[in-house]
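Structure, as structure tokens:
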Amino acid sequence: MYKLTWILFAFFSLVLPVLSAPTPVPAPEELHELEKRVTHTGRGTWYYPGLGNCGGTNGSNDLVVAMAKTFYDQNNGKNCGQQVQITSNGKTVEATMVDSCPGCGSNDLDMSPAVFKELAPLSLGVIDITWHFLKR
């Protein structure tokens, strides 16, 4: 019995430090990378782009979108220039984040006419969408 106790003690003495070892905390950029795997569900609207909150100027024929201002602020604009894939009614289009949208809900996107027309006629004005970030 004493031998079994000694073996169990030795075993747990070796195993417990490994199990209780701290796990590394991911760097902020690694946490940011996880975001692109999240599928967002929201509303899609369209607008006439111009000078965007990300600093560039775009036109109606550019494949660009504006994210919700709350989303933009939460990430300090780090999603500027990032590609997104947007789907609605079985149609998909890729676009670039270039602006923020003060009137959008947190998962909504405001799209240039070129992007919106890939998914639906402009006359609809508002559509249901899903979207996610693409790899940088």
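Residue numbers start at 1 in each chain; chains themselves are named A, B, ... in the order of the structure tokens; ligands are numbered from 1 in the order shown.
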
Asp110 in chain A surroundings by only C-alpha atoms, 10 Å radius, close-in-sequence under 3 positions cut, as an MDAnalysis selection string
chainID A and resid 43:49 64:68 97 99:104 113 115:116 126

Go ahead and compute the interatomic distance for CA of Val38 in chain A and CA of Phe133 in chain A, in Å to one decimal.
7.7 Å

Polymer residues at most 12 Å from Ala120 in chain A, only C-alpha atoms, same-chain spacing of 6 or more positions, as a VMD selection string
chain A and resid 44 to 46 86 to 93 111 113 to 114 126 to 129

Work out how far apart CA of Cys54 in chain A and CA of Ala95 in chain A are and give it in Å to one decimal.
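Interatomic distance here is 14.4 Å.
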
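From CA of Gly56 in chain A back to CA of Asp73 in chain A, the distance works out to 17.4 Å.
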
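Between Thr39 in chain A and the residues A:Gln85, A:Ser112, A:Asn79, A:Asn58, the shortest atom-to-atom distance, using only C-alpha atoms, involves A:Gln85.
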